[in-house]
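Shown next: coords.pdb, given as PDB, C-alpha atoms.
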ATOM      1  CA  MET A   1      17.743  30.135 -10.017
ATOM      2  CA  LEU A   2      16.072  28.203  -7.203
ATOM      3  CA  ASN A   3      17.327  29.361  -3.842
ATOM      4  CA  LEU A   4      18.142  26.085  -2.139
ATOM      5  CA  TYR A   5      19.826  27.937   0.723
ATOM      6  CA  GLU A   6      16.441  29.407   1.656
ATOM      7  CA  LEU A   7      14.926  25.916   1.742
ATOM      8  CA  TYR A   8      17.866  24.655   3.766
ATOM      9  CA  LYS A   9      17.676  27.569   6.257
ATOM     10  CA  ASN A  10      13.938  27.242   6.567
ATOM     11  CA  ALA A  11      14.289  23.572   7.473
ATOM     12  CA  LYS A  12      17.068  24.378   9.966
ATOM     13  CA  THR A  13      15.079  27.095  11.752
ATOM     14  CA  LYS A  14      12.117  24.738  12.021
ATOM     15  CA  ASN A  15      14.415  22.036  13.486
ATOM     16  CA  ILE A  16      13.776  19.683  10.607
ATOM     17  CA  ILE A  17      16.519  17.064  10.604
ATOM     18  CA  PHE A  18      15.282  15.239   7.557
ATOM     19  CA  TYR A  19      13.071  16.131   4.625
ATOM     20  CA  TYR A  20      12.059  14.232   1.506
ATOM     21  CA  SER A  21       9.629  15.239  -1.182
ATOM     22  CA  GLY A  22       8.943  13.438  -4.411
ATOM     23  CA  PRO A  23       8.313   9.991  -5.810
ATOM     24  CA  ILE A  24       8.876   7.170  -3.353
ATOM     25  CA  ALA A  25       9.765   3.605  -4.223
ATOM     26  CA  HIS A  26      10.482   0.758  -1.840
ATOM     27  CA  ALA A  27      14.194   1.033  -2.701
ATOM     28  CA  SER A  28      14.264   4.667  -1.567
ATOM     29  CA  ILE A  29      12.625   3.688   1.725
ATOM     30  CA  GLU A  30      15.382   1.127   2.332
ATOM     31  CA  GLY A  31      18.145   3.626   1.673
ATOM     32  CA  VAL A  32      16.638   6.442   3.674
ATOM     33  CA  ALA A  33      15.816   4.103   6.563
ATOM     34  CA  ALA A  34      19.466   3.061   6.861
ATOM     35  CA  THR A  35      20.568   6.706   6.838
ATOM     36  CA  LEU A  36      17.945   7.693   9.392
ATOM     37  CA  ARG A  37      19.056   4.959  11.766
ATOM     38  CA  LYS A  38      22.705   6.090  11.522
ATOM     39  CA  ASN A  39      21.678   9.701  12.021
ATOM     40  CA  LEU A  40      19.708   8.881  15.191
ATOM     41  CA  GLN A  41      22.653   6.884  16.464
ATOM     42  CA  TYR A  42      25.131   9.723  15.800
ATOM     43  CA  GLU A  43      22.835  12.173  17.553
ATOM     44  CA  GLY A  44      23.008   9.988  20.639
ATOM     45  CA  THR A  45      19.253   9.317  20.675
ATOM     46  CA  ASP A  46      18.315   6.690  23.259
ATOM     47  CA  GLU A  47      17.394   3.291  21.858
ATOM     48  CA  ILE A  48      13.668   3.362  22.711
ATOM     49  CA  THR A  49      13.221   6.771  21.082
ATOM     50  CA  SER A  50      15.318   5.786  18.122
ATOM     51  CA  ASN A  51      13.256   2.604  17.593
ATOM     52  CA  ALA A  52      10.008   4.558  17.909
ATOM     53  CA  VAL A  53      11.081   7.205  15.375
ATOM     54  CA  PHE A  54      12.269   4.500  12.985
ATOM     55  CA  SER A  55       9.070   2.506  13.324
ATOM     56  CA  VAL A  56       6.767   5.520  12.807
ATOM     57  CA  PHE A  57       8.863   6.599   9.819
ATOM     58  CA  ILE A  58       8.538   3.173   8.145
ATOM     59  CA  GLU A  59       4.777   2.978   8.718
ATOM     60  CA  GLN A  60       4.364   6.545   7.395
ATOM     61  CA  VAL A  61       6.340   6.077   4.181
ATOM     62  CA  GLN A  62       4.817   2.669   3.521
ATOM     63  CA  ASN A  63       1.423   4.360   3.801
ATOM     64  CA  ILE A  64       2.455   6.818   1.071
ATOM     65  CA  LEU A  65       3.563   3.890  -1.061
ATOM     66  CA  ASN A  66       0.245   2.128  -0.495
ATOM     67  CA  TYR A  67      -2.217   4.991  -0.500
ATOM     68  CA  SER A  68      -0.968   8.234  -2.083
ATOM     69  CA  ALA A  69      -3.314   9.361  -4.856
ATOM     70  CA  GLU A  70      -0.329  10.655  -6.847
ATOM     71  CA  LYS A  71       0.950   7.711  -8.852
ATOM     72  CA  PHE A  72       3.527   7.165 -11.563
ATOM     73  CA  SER A  73       3.448   3.938 -13.471
ATOM     74  CA  ASP A  74       4.307   2.521 -16.823
ATOM     75  CA  ILE A  75       1.408   0.513 -18.223
ATOM     76  CA  ASN A  76       3.849  -1.334 -20.517
ATOM     77  CA  SER A  77       5.951  -2.596 -17.683
ATOM     78  CA  ASP A  78       5.538  -4.783 -14.619
ATOM     79  CA  ASP A  79       7.783  -2.494 -12.614
ATOM     80  CA  GLU A  80       6.457  -1.256  -9.322
ATOM     81  CA  ASP A  81       4.457   1.965  -9.199
ATOM     82  CA  LEU A  82       5.954   5.059  -7.674
ATOM     83  CA  ARG A  83       3.859   7.220  -5.384
ATOM     84  CA  ALA A  84       4.568  10.802  -4.472
ATOM     85  CA  GLY A  85       4.609  12.229  -0.991
ATOM     86  CA  VAL A  86       6.474  14.291   1.550
ATOM     87  CA  VAL A  87       8.124  13.125   4.769
ATOM     88  CA  ALA A  88       9.700  15.369   7.372
ATOM     89  CA  ILE A  89      11.253  14.529  10.713
ATOM     90  CA  GLY A  90      11.926  17.289  13.200
ATOM     91  CA  TYR A  91      12.082  18.228  16.857
ATOM     92  CA  GLU A  92       9.324  20.174  18.536
ATOM     93  CA  GLU A  93       9.238  20.953  22.236
ATOM     94  CA  GLY A  94      11.671  18.192  23.120
ATOM     95  CA  PHE A  95      10.056  15.429  21.068
ATOM     96  CA  TYR A  96      10.557  13.948  17.636
ATOM     97  CA  CYS A  97       7.772  14.667  15.160
ATOM     98  CA  ILE A  98       7.299  12.614  12.042
ATOM     99  CA  TYR A  99       5.175  14.325   9.401
ATOM    100  CA  CYS A 100       3.902  12.718   6.277
ATOM    101  CA  GLY A 101       1.888  14.268   3.475
ATOM    102  CA  ASN A 102       0.361  13.176   0.194
ATOM    103  CA  LYS A 103      -2.490  13.827  -2.193
ATOM    104  CA  VAL A 104      -5.735  12.019  -1.458
ATOM    105  CA  TYR A 105      -9.058  11.838  -3.292
ATOM    106  CA  ASN A 106     -11.689  14.060  -1.680
ATOM    107  CA  GLN A 107     -14.099  11.141  -1.639
ATOM    108  CA  ASP A 108     -11.701   9.166   0.601
ATOM    109  CA  ILE A 109     -11.459  11.874   3.289
ATOM    110  CA  PRO A 110     -14.331  10.665   5.519
ATOM    111  CA  LYS A 111     -12.860   7.140   5.655
ATOM    112  CA  ILE A 112      -9.349   8.379   6.488
ATOM    113  CA  LYS A 113     -10.744  10.676   9.218
ATOM    114  CA  GLU A 114     -12.751   7.837  10.670
ATOM    115  CA  ASN A 115      -9.693   5.544  10.730
ATOM    116  CA  ILE A 116      -7.522   8.095  12.532
ATOM    117  CA  ASP A 117     -10.237   9.298  14.914
ATOM    118  CA  SER A 118     -10.958   5.727  15.961
ATOM    119  CA  VAL A 119      -7.431   5.361  17.385
ATOM    120  CA  ARG A 120      -6.142   8.833  18.216
ATOM    121  CA  ASN A 121      -7.736   9.139  21.662
ATOM    122  CA  LEU A 122      -7.436   5.550  22.814
ATOM    123  CA  ASP A 123      -5.169   4.879  25.791
ATOM    124  CA  LYS A 124      -2.179   2.521  25.502
ATOM    125  CA  GLU A 125      -3.992  -0.493  26.944
ATOM    126  CA  HIS A 126      -6.865  -0.181  24.471
ATOM    127  CA  LEU A 127      -4.444   0.330  21.591
ATOM    128  CA  LYS A 128      -2.534  -2.793  22.572
ATOM    129  CA  ALA A 129      -5.769  -4.811  22.714
ATOM    130  CA  LEU A 130      -6.912  -3.420  19.357
ATOM    131  CA  TYR A 131      -3.507  -4.138  17.780
ATOM    132  CA  LYS A 132      -3.589  -7.750  18.956
ATOM    133  CA  GLU A 133      -7.186  -8.204  17.813
ATOM    134  CA  ARG A 134      -6.510  -6.705  14.369
ATOM    135  CA  ARG A 135      -3.306  -8.728  13.997
ATOM    136  CA  ARG A 136      -5.357 -11.928  13.887
ATOM    137  CA  MET A 137      -8.066 -10.549  11.594
ATOM    138  CA  GLU A 138      -8.275 -10.587   7.819
ATOM    139  CA  PRO A 139      -7.270  -7.118   6.553
ATOM    140  CA  PRO A 140     -10.061  -4.914   5.178
ATOM    141  CA  PRO A 141     -10.358  -5.356   1.384
ATOM    142  CA  SER A 142      -9.328  -1.757   0.725
ATOM    143  CA  SER A 143      -6.118  -2.184   2.725
ATOM    144  CA  LYS A 144      -2.860  -3.144   1.043
ATOM    145  CA  GLY A 145      -1.053  -3.632   4.323
ATOM    146  CA  ALA A 146      -2.289  -5.379   7.411
ATOM    147  CA  GLY A 147      -4.392  -2.399   8.519
ATOM    148  CA  LEU A 148      -2.152  -2.198  11.567
ATOM    149  CA  GLY A 149       0.093   0.742  10.658
ATOM    150  CA  LEU A 150      -2.090   3.434  12.144
ATOM    151  CA  ILE A 151      -2.513   1.537  15.425
ATOM    152  CA  GLU A 152       1.245   0.952  15.553
ATOM    153  CA  MET A 153       1.851   4.701  15.115
ATOM    154  CA  ALA A 154      -0.715   5.552  17.795
ATOM    155  CA  ARG A 155       1.017   3.134  20.160
ATOM    156  CA  LYS A 156       4.368   4.828  19.617
ATOM    157  CA  ALA A 157       2.880   8.328  19.870
ATOM    158  CA  VAL A 158       3.185  10.355  23.072
ATOM    159  CA  LYS A 159       0.451  12.781  21.991
ATOM    160  CA  PRO A 160      -2.751  12.200  19.977
ATOM    161  CA  ILE A 161      -2.057  11.889  16.246
ATOM    162  CA  ASP A 162      -2.835  15.123  14.401
ATOM    163  CA  TYR A 163      -3.914  15.573  10.816
ATOM    164  CA  THR A 164      -5.173  18.143   8.313
ATOM    165  CA  PHE A 165      -6.761  18.089   4.869
ATOM    166  CA  ILE A 166      -6.089  21.099   2.657
ATOM    167  CA  PRO A 167      -8.401  21.258  -0.380
ATOM    168  CA  MET A 168      -6.481  21.398  -3.681
ATOM    169  CA  ASP A 169      -9.257  21.183  -6.265
ATOM    170  CA  GLU A 170     -12.534  19.359  -6.888
ATOM    171  CA  GLU A 171     -10.854  15.989  -6.964
ATOM    172  CA  TYR A 172      -7.951  16.168  -4.523
ATOM    173  CA  SER A 173      -6.906  17.388  -1.106
ATOM    174  CA  PHE A 174      -3.497  17.396   0.520
ATOM    175  CA  PHE A 175      -3.431  15.180   3.595
ATOM    176  CA  THR A 176      -0.885  15.724   6.369
ATOM    177  CA  ILE A 177      -0.458  13.492   9.395
ATOM    178  CA  LYS A 178       1.772  14.228  12.386
ATOM    179  CA  VAL A 179       3.017  11.742  14.951
ATOM    180  CA  VAL A 180       4.933  12.907  18.038
ATOM    181  CA  THR A 181       7.126  10.289  19.652
ATOM    182  CA  GLY A 182      10.098   9.483  21.850
ATOM    183  CA  ARG A 183      11.219  10.365  25.319
ATOM    184  CA  GLU A 184      11.341  14.061  26.028
ATOM    185  CA  LYS A 185      14.750  15.517  25.254
ATOM    186  CA  ILE A 186      15.863  17.883  27.972
TER     187      ILE A 186
ATOM    188  CA  MET B 187      11.828 -31.673   1.502
ATOM    189  CA  ASN B 188      14.396 -29.183   0.370
ATOM    190  CA  ASP B 189      16.193 -26.674   2.536
ATOM    191  CA  LEU B 190      15.318 -23.056   2.014
ATOM    192  CA  ILE B 191      17.848 -20.248   2.229
ATOM    193  CA  ILE B 192      17.006 -16.636   1.512
ATOM    194  CA  GLU B 193      19.766 -14.047   1.782
ATOM    195  CA  LYS B 194      19.023 -10.889   3.682
ATOM    196  CA  THR B 195      18.401  -7.527   2.069
ATOM    197  CA  GLN B 196      18.089  -4.080   3.637
ATOM    198  CA  SER B 197      14.418  -4.691   4.349
ATOM    199  CA  THR B 198      14.118  -8.459   4.597
ATOM    200  CA  PRO B 199      15.765 -10.926   6.985
ATOM    201  CA  TYR B 200      18.133 -13.826   6.396
ATOM    202  CA  ILE B 201      16.147 -17.049   6.403
ATOM    203  CA  ASN B 202      17.483 -20.558   6.758
ATOM    204  CA  PHE B 203      15.297 -23.641   6.989
ATOM    205  CA  SER B 204      17.190 -26.810   7.510
ATOM    206  CA  HIS B 205      15.157 -29.943   7.105
ATOM    207  CA  GLU B 206      18.000 -32.116   8.386
ATOM    208  CA  HIS B 207      18.431 -30.102  11.586
ATOM    209  CA  LYS B 208      14.691 -29.469  11.924
ATOM    210  CA  LYS B 209      15.416 -25.840  12.347
ATOM    211  CA  LEU B 210      14.192 -22.509  11.110
ATOM    212  CA  PHE B 211      16.399 -19.466  11.635
ATOM    213  CA  ILE B 212      15.300 -15.919  10.809
ATOM    214  CA  SER B 213      17.530 -12.930  11.537
ATOM    215  CA  GLY B 214      17.737  -9.259  10.651
ATOM    216  CA  GLU B 215      15.142  -6.639   9.886
ATOM    217  CA  SER B 216      11.764  -7.060   8.260
ATOM    218  CA  PHE B 217       9.870  -4.312   6.474
ATOM    219  CA  PRO B 218       9.264  -5.731   2.995
ATOM    220  CA  GLU B 219       7.174  -3.829   0.497
ATOM    221  CA  ASN B 220       4.635  -6.640   0.586
ATOM    222  CA  ALA B 221       5.032  -8.828   3.659
ATOM    223  CA  ALA B 222       2.365 -11.352   2.660
ATOM    224  CA  LYS B 223       4.108 -11.921  -0.673
ATOM    225  CA  PHE B 224       7.616 -12.102   0.786
ATOM    226  CA  TYR B 225       6.648 -14.622   3.462
ATOM    227  CA  ALA B 226       4.435 -16.798   1.208
ATOM    228  CA  PRO B 227       7.217 -19.372   0.453
ATOM    229  CA  ILE B 228       8.135 -19.487   4.147
ATOM    230  CA  LEU B 229       4.537 -20.179   5.165
ATOM    231  CA  GLU B 230       4.426 -22.867   2.481
ATOM    232  CA  TRP B 231       7.593 -24.485   3.885
ATOM    233  CA  ILE B 232       6.144 -24.405   7.397
ATOM    234  CA  LYS B 233       2.950 -26.035   6.182
ATOM    235  CA  GLN B 234       5.023 -28.803   4.613
ATOM    236  CA  ILE B 235       7.189 -29.482   7.656
ATOM    237  CA  ILE B 236       4.305 -29.653  10.122
ATOM    238  CA  ASN B 237       2.585 -32.167   7.829
ATOM    239  CA  ASP B 238       5.775 -34.151   7.229
ATOM    240  CA  PRO B 239       5.364 -37.666   8.705
ATOM    241  CA  ASN B 240       9.144 -37.880   9.326
ATOM    242  CA  THR B 241       9.270 -34.758  11.442
ATOM    243  CA  ASP B 242       8.059 -34.807  15.023
ATOM    244  CA  SER B 243      10.018 -31.928  16.484
ATOM    245  CA  PHE B 244      11.178 -28.578  15.280
ATOM    246  CA  THR B 245      12.903 -25.414  16.555
ATOM    247  CA  ALA B 246      12.416 -21.883  15.297
ATOM    248  CA  ASP B 247      14.896 -19.154  16.200
ATOM    249  CA  PHE B 248      13.840 -15.566  15.558
ATOM    250  CA  GLU B 249      16.532 -12.932  15.879
ATOM    251  CA  ILE B 250      14.737  -9.885  14.611
ATOM    252  CA  ILE B 251      15.929  -6.353  15.344
ATOM    253  CA  TYR B 252      12.979  -4.550  13.820
ATOM    254  CA  PHE B 253       9.800  -5.582  12.015
ATOM    255  CA  ASN B 254       6.955  -3.494  10.636
ATOM    256  CA  SER B 255       3.277  -3.946  11.367
ATOM    257  CA  SER B 256       2.489  -6.089   8.318
ATOM    258  CA  THR B 257       5.360  -8.448   9.237
ATOM    259  CA  SER B 258       3.919  -8.646  12.740
ATOM    260  CA  LYS B 259       0.729 -10.046  11.252
ATOM    261  CA  VAL B 260       2.662 -12.702   9.295
ATOM    262  CA  PHE B 261       4.644 -13.711  12.408
ATOM    263  CA  MET B 262       1.381 -14.118  14.329
ATOM    264  CA  THR B 263       0.112 -16.394  11.545
ATOM    265  CA  ILE B 264       3.339 -18.433  11.774
ATOM    266  CA  PHE B 265       3.052 -18.796  15.569
ATOM    267  CA  ASP B 266      -0.644 -19.713  15.329
ATOM    268  CA  THR B 267       0.260 -22.388  12.767
ATOM    269  CA  PHE B 268       2.935 -23.736  15.144
ATOM    270  CA  GLU B 269       0.502 -23.678  18.025
ATOM    271  CA  ASN B 270      -2.036 -25.735  16.103
ATOM    272  CA  ALA B 271       0.683 -28.268  15.252
ATOM    273  CA  VAL B 272       1.689 -28.443  18.927
ATOM    274  CA  LYS B 273      -1.927 -29.158  19.865
ATOM    275  CA  LYS B 274      -1.807 -32.080  17.427
ATOM    276  CA  GLY B 275       1.246 -33.504  19.155
ATOM    277  CA  MET B 276       4.262 -32.015  17.389
ATOM    278  CA  GLN B 277       7.100 -30.640  19.505
ATOM    279  CA  ILE B 278       7.914 -27.113  18.462
ATOM    280  CA  THR B 279       9.946 -24.549  20.371
ATOM    281  CA  VAL B 280      10.265 -20.906  19.447
ATOM    282  CA  ASN B 281      13.257 -18.937  20.681
ATOM    283  CA  TRP B 282      12.692 -15.214  20.364
ATOM    284  CA  ARG B 283      16.284 -14.037  20.594
ATOM    285  CA  CYS B 284      16.942 -10.373  21.244
ATOM    286  CA  ASP B 285      19.647  -8.082  22.457
ATOM    287  CA  SER B 286      19.331  -7.594  26.216
ATOM    288  CA  GLU B 287      19.379  -3.827  25.606
ATOM    289  CA  ASN B 288      16.736  -3.770  22.882
ATOM    290  CA  GLU B 289      13.651  -3.175  25.041
ATOM    291  CA  THR B 290      11.448  -2.751  21.965
ATOM    292  CA  ALA B 291      12.320  -6.221  20.624
ATOM    293  CA  ILE B 292      11.869  -7.801  24.074
ATOM    294  CA  GLU B 293       8.433  -6.204  24.445
ATOM    295  CA  CYS B 294       7.406  -7.408  20.980
ATOM    296  CA  GLY B 295       8.380 -10.962  21.953
ATOM    297  CA  GLU B 296       6.354 -10.694  25.152
ATOM    298  CA  GLU B 297       3.312  -9.554  23.191
ATOM    299  CA  PHE B 298       3.482 -12.630  20.965
ATOM    300  CA  LYS B 299       3.979 -14.870  23.994
ATOM    301  CA  GLU B 300       0.911 -13.392  25.744
ATOM    302  CA  ASP B 301      -1.253 -14.438  22.799
ATOM    303  CA  LEU B 302      -0.058 -18.056  22.704
ATOM    304  CA  SER B 303      -1.146 -20.756  25.119
ATOM    305  CA  THR B 304       0.469 -24.085  24.310
ATOM    306  CA  LEU B 305       3.414 -23.196  22.066
ATOM    307  CA  PRO B 306       6.667 -23.051  24.065
ATOM    308  CA  PHE B 307       7.897 -19.511  23.408
ATOM    309  CA  ASN B 308      11.187 -18.538  25.046
ATOM    310  CA  ILE B 309      12.460 -15.006  25.179
ATOM    311  CA  VAL B 310      16.226 -15.406  25.055
ATOM    312  CA  LEU B 311      18.337 -12.400  25.926
ATOM    313  CA  VAL B 312      21.688 -12.261  24.223
ATOM    314  CA  LYS B 313      24.454  -9.697  24.181
ATOM    315  CA  GLY B 314      25.032  -7.830  20.968
ATOM    316  CA  VAL B 315      22.598  -8.991  18.321
ATOM    317  CA  GLU B 316      23.868  -7.543  15.082
ATOM    318  CA  ASN B 317      21.874  -6.894  11.980
ATOM    319  CA  GLY B 318      21.815 -10.202  10.085
TER     320      GLY B 318
END

Please express what this file holds, its structure, as structure tokens.
Amino acid sequence: MLNLYELYKNAKTKNIIFYYSGPIAHASIEGVAATLRKNLQYEGTDEITSNAVFSVFIEQVQNILNYSAEKFSDINSDDEDLRAGVVAIGYEEGFYCIYCGNKVYNQDIPKIKENIDSVRNLDKEHLKALYKERRRMEPPPSSKGAGLGLIEMARKAVKPIDYTFIPMDEEYSFFTIKVVTGREKI
Amino acid sequence: MNDLIIEKTQSTPYINFSHEHKKLFISGESFPENAAKFYAPILEWIKQIINDPNTDSFTADFEIIYFNSSTSKVFMTIFDTFENAVKKGMQITVNWRCDSENETAIECGEEFKEDLSTLPFNIVLVKGVENG
């Protein structure tokens, strides 16, 4: 028997307020987003922090939906694909942290690193300028969104975005990205 | 031209284009799965109204609580389209309506305004903007 209590306790001791692992569809994002917003409200989170957490969460999960290398689809149907990933929201040292993880192809790692590294150390003024510039540009052909999500997350972040790649096998690695946001909770 | 009404969902706003009143109203939240696809009919409608010989003025009210980054790109395209129409002589006013306590929404409005030169873009603070 799977010990769910252990999983539950582990999340509690790590101050994880929310955890999701598995296939993600747009409908699940909608439902979870509504719950997350209520939860932040009930916790008495200030509006700026709450908006920042919500915004980073949406950009993170929509990235899984657009880019995770773990896909489920039915070739006989026009239904949307599902993509698998993990999202966790927790507190660390007075801030909210939004983690997101999914499988990626090893060959895509250099490009992902380059994308994150190009924004993670920029100051807020440069990020704002880059966001506005990119907003009026055609998205890169490989991008399913507007190519703005990462910049948006960096703008909401109060610390540089962190990430890791853990090798899984010859084809895949597990990618984790961490965004710290909000006003410090005292 | 026909009116266009799209009911809101959890991730897309309520949209009402009234040809008679020369008015576009968008309210709610916007984080569709595919923003370009969702907004395609709206962009089409806008294209029609700014080329309509019987329309010389037009108001657009945006009452958006939250929008994701790909929606932000679509909104910029909409405002740029309006701005080009204004340069050609059409009267268009955008009212970016937000709750006076929603600093995030106010800031987003200001960032659009900064990037526009001739389109009248008012940031209107209201009390208690509800979702939809």

Applied to this file, what does the PyMOL selection byres ((chain B and resi 244-254) around 6) return in terms of residues, put as JSON, numbers by chain?
{"B": [208, 209, 210, 211, 212, 213, 214, 215, 216, 217, 243, 255, 256, 257, 278, 279, 280, 281, 282, 283, 284]}

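Of note, atom CA of A:Val179 and atom CA of A:Thr49 are spaced 12.9 Å apart.
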
Which of these, A:Gly101, A:Gly90, A:Pro167, A:Gly31, has the shortest distance to chain B once you count all atoms listed in the file?
A:Gly31

Can you pull out the residues contacting stretch 110-119 of chain A? Cut-off 10 Å, using all atoms listed in the file, and skip same-chain residues under 5 positions away; I want them as number ranges by chain.
A: 104, 126-127, 130, 147, 150-155, 160-165, 175, 177

If the cut-off is 10 Å, can you tell me the residues of chain B near chain A, counting only C-alpha atoms? I'd like them as a PDB file with C-alpha atoms, in the frame of the given file.
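Here's the written file part_27.pdb:
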ATOM      1  CA  THR B 195      18.401  -7.527   2.069  1.00  0.00           C
ATOM      2  CA  GLN B 196      18.089  -4.080   3.637  1.00  0.00           C
ATOM      3  CA  SER B 197      14.418  -4.691   4.349  1.00  0.00           C
ATOM      4  CA  THR B 198      14.118  -8.459   4.597  1.00  0.00           C
ATOM      5  CA  PHE B 217       9.870  -4.312   6.474  1.00  0.00           C
ATOM      6  CA  PRO B 218       9.264  -5.731   2.995  1.00  0.00           C
ATOM      7  CA  GLU B 219       7.174  -3.829   0.497  1.00  0.00           C
ATOM      8  CA  ASN B 220       4.635  -6.640   0.586  1.00  0.00           C
ATOM      9  CA  ALA B 221       5.032  -8.828   3.659  1.00  0.00           C
ATOM     10  CA  ALA B 222       2.365 -11.352   2.660  1.00  0.00           C
ATOM     11  CA  ILE B 251      15.929  -6.353  15.344  1.00  0.00           C
ATOM     12  CA  TYR B 252      12.979  -4.550  13.820  1.00  0.00           C
ATOM     13  CA  PHE B 253       9.800  -5.582  12.015  1.00  0.00           C
ATOM     14  CA  ASN B 254       6.955  -3.494  10.636  1.00  0.00           C
ATOM     15  CA  SER B 255       3.277  -3.946  11.367  1.00  0.00           C
ATOM     16  CA  SER B 256       2.489  -6.089   8.318  1.00  0.00           C
ATOM     17  CA  THR B 257       5.360  -8.448   9.237  1.00  0.00           C
ATOM     18  CA  SER B 258       3.919  -8.646  12.740  1.00  0.00           C
ATOM     19  CA  LYS B 259       0.729 -10.046  11.252  1.00  0.00           C
ATOM     20  CA  VAL B 260       2.662 -12.702   9.295  1.00  0.00           C
ATOM     21  CA  PHE B 261       4.644 -13.711  12.408  1.00  0.00           C
ATOM     22  CA  MET B 262       1.381 -14.118  14.329  1.00  0.00           C
ATOM     23  CA  THR B 263       0.112 -16.394  11.545  1.00  0.00           C
ATOM     24  CA  ASP B 266      -0.644 -19.713  15.329  1.00  0.00           C
ATOM     25  CA  GLU B 287      19.379  -3.827  25.606  1.00  0.00           C
ATOM     26  CA  ASN B 288      16.736  -3.770  22.882  1.00  0.00           C
ATOM     27  CA  GLU B 289      13.651  -3.175  25.041  1.00  0.00           C
ATOM     28  CA  THR B 290      11.448  -2.751  21.965  1.00  0.00           C
ATOM     29  CA  ALA B 291      12.320  -6.221  20.624  1.00  0.00           C
ATOM     30  CA  GLU B 297       3.312  -9.554  23.191  1.00  0.00           C
ATOM     31  CA  PHE B 298       3.482 -12.630  20.965  1.00  0.00           C
ATOM     32  CA  GLU B 300       0.911 -13.392  25.744  1.00  0.00           C
ATOM     33  CA  ASP B 301      -1.253 -14.438  22.799  1.00  0.00           C
TER      34      ASP B 301
END

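With atom CA of B:Thr304 on one side and atom CA of B:His207 on the other, the separation reads 22.8 Å.
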
Evaluate the PyMOL selection byres ((chain A and resi 86) around 8) and report residues as a ChimeraX atom specification:
/A:19-22,84-85,87-88,99-102

Only C-alpha atoms, please: the residues just picked out, written as a PDB file, in the coordinates of the input.
ATOM      1  CA  TYR A  19      13.071  16.131   4.625  1.00  0.00           C
ATOM      2  CA  TYR A  20      12.059  14.232   1.506  1.00  0.00           C
ATOM      3  CA  SER A  21       9.629  15.239  -1.182  1.00  0.00           C
ATOM      4  CA  GLY A  22       8.943  13.438  -4.411  1.00  0.00           C
ATOM      5  CA  ALA A  84       4.568  10.802  -4.472  1.00  0.00           C
ATOM      6  CA  GLY A  85       4.609  12.229  -0.991  1.00  0.00           C
ATOM      7  CA  VAL A  87       8.124  13.125   4.769  1.00  0.00           C
ATOM      8  CA  ALA A  88       9.700  15.369   7.372  1.00  0.00           C
ATOM      9  CA  TYR A  99       5.175  14.325   9.401  1.00  0.00           C
ATOM     10  CA  CYS A 100       3.902  12.718   6.277  1.00  0.00           C
ATOM     11  CA  GLY A 101       1.888  14.268   3.475  1.00  0.00           C
ATOM     12  CA  ASN A 102       0.361  13.176   0.194  1.00  0.00           C
TER      13      ASN A 102
END

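Put simply, atom CA of B:Asp189 is 5.5 Å away from atom CA of B:Phe203.
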
Kindly indicate which residue among A:Glu92, A:Lys159, A:Lys71, A:Asp108 lies nearest to A:Lys124, using only C-alpha atoms for the distances.
A:Lys159

Long-range neighbours of B:Ser286 as an mmCIF file with C-alpha atoms, in the frame of the given file, 12 Å cut-off, only C-alpha atoms, 6 positions minimum in chain:
data_model
loop_
_atom_site.group_PDB
_atom_site.id
_atom_site.type_symbol
_atom_site.label_atom_id
_atom_site.label_comp_id
_atom_site.auth_asym_id
_atom_site.auth_seq_id
_atom_site.Cartn_x
_atom_site.Cartn_y
_atom_site.Cartn_z
ATOM 1 C CA GLU A 47 17.394 3.291 21.858
ATOM 2 C CA GLU B 249 16.532 -12.932 15.879
ATOM 3 C CA ILE B 251 15.929 -6.353 15.344
ATOM 4 C CA ILE B 292 11.869 -7.801 24.074
ATOM 5 C CA GLU B 293 8.433 -6.204 24.445
ATOM 6 C CA ILE B 309 12.460 -15.006 25.179
ATOM 7 C CA VAL B 310 16.226 -15.406 25.055
ATOM 8 C CA LEU B 311 18.337 -12.400 25.926
ATOM 9 C CA VAL B 312 21.688 -12.261 24.223
ATOM 10 C CA LYS B 313 24.454 -9.697 24.181
ATOM 11 C CA GLY B 314 25.032 -7.830 20.968
ATOM 12 C CA VAL B 315 22.598 -8.991 18.321
#

Please provide the set of residues having any atom within 9 Å of A:Tyr172, restricted to all atoms listed in the file, with same-chain residues fewer than 6 positions apart removed, written as a ChimeraX atom specification.
/A:69,103-107,166

List, as a PDB file with C-alpha atoms, keeping the file's coordinate frame, every residue that the PyMOL selection byres ((chain A and resi 82) around 7) selects in the file provided.
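For reference, expr24.pdb as written:
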ATOM      1  CA  PRO A  23       8.313   9.991  -5.810  1.00  0.00           C
ATOM      2  CA  ILE A  24       8.876   7.170  -3.353  1.00  0.00           C
ATOM      3  CA  ALA A  25       9.765   3.605  -4.223  1.00  0.00           C
ATOM      4  CA  LYS A  71       0.950   7.711  -8.852  1.00  0.00           C
ATOM      5  CA  PHE A  72       3.527   7.165 -11.563  1.00  0.00           C
ATOM      6  CA  SER A  73       3.448   3.938 -13.471  1.00  0.00           C
ATOM      7  CA  GLU A  80       6.457  -1.256  -9.322  1.00  0.00           C
ATOM      8  CA  ASP A  81       4.457   1.965  -9.199  1.00  0.00           C
ATOM      9  CA  ARG A  83       3.859   7.220  -5.384  1.00  0.00           C
ATOM     10  CA  ALA A  84       4.568  10.802  -4.472  1.00  0.00           C
TER      11      ALA A  84
END

Applying 10 Å and only C-alpha atoms, which residues near B:Asp242 remain after dropping the ones on its own chain fewer than 2 positions away? List them as a PyMOL selection string.
chain B and resi 208+235-240+244+271-272+275-278

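Distances to B:Ala226 were evaluated for B:Cys294, B:Ile264, B:Ile191, B:Leu305 using only C-alpha atoms, and the minimum falls at B:Ile264.
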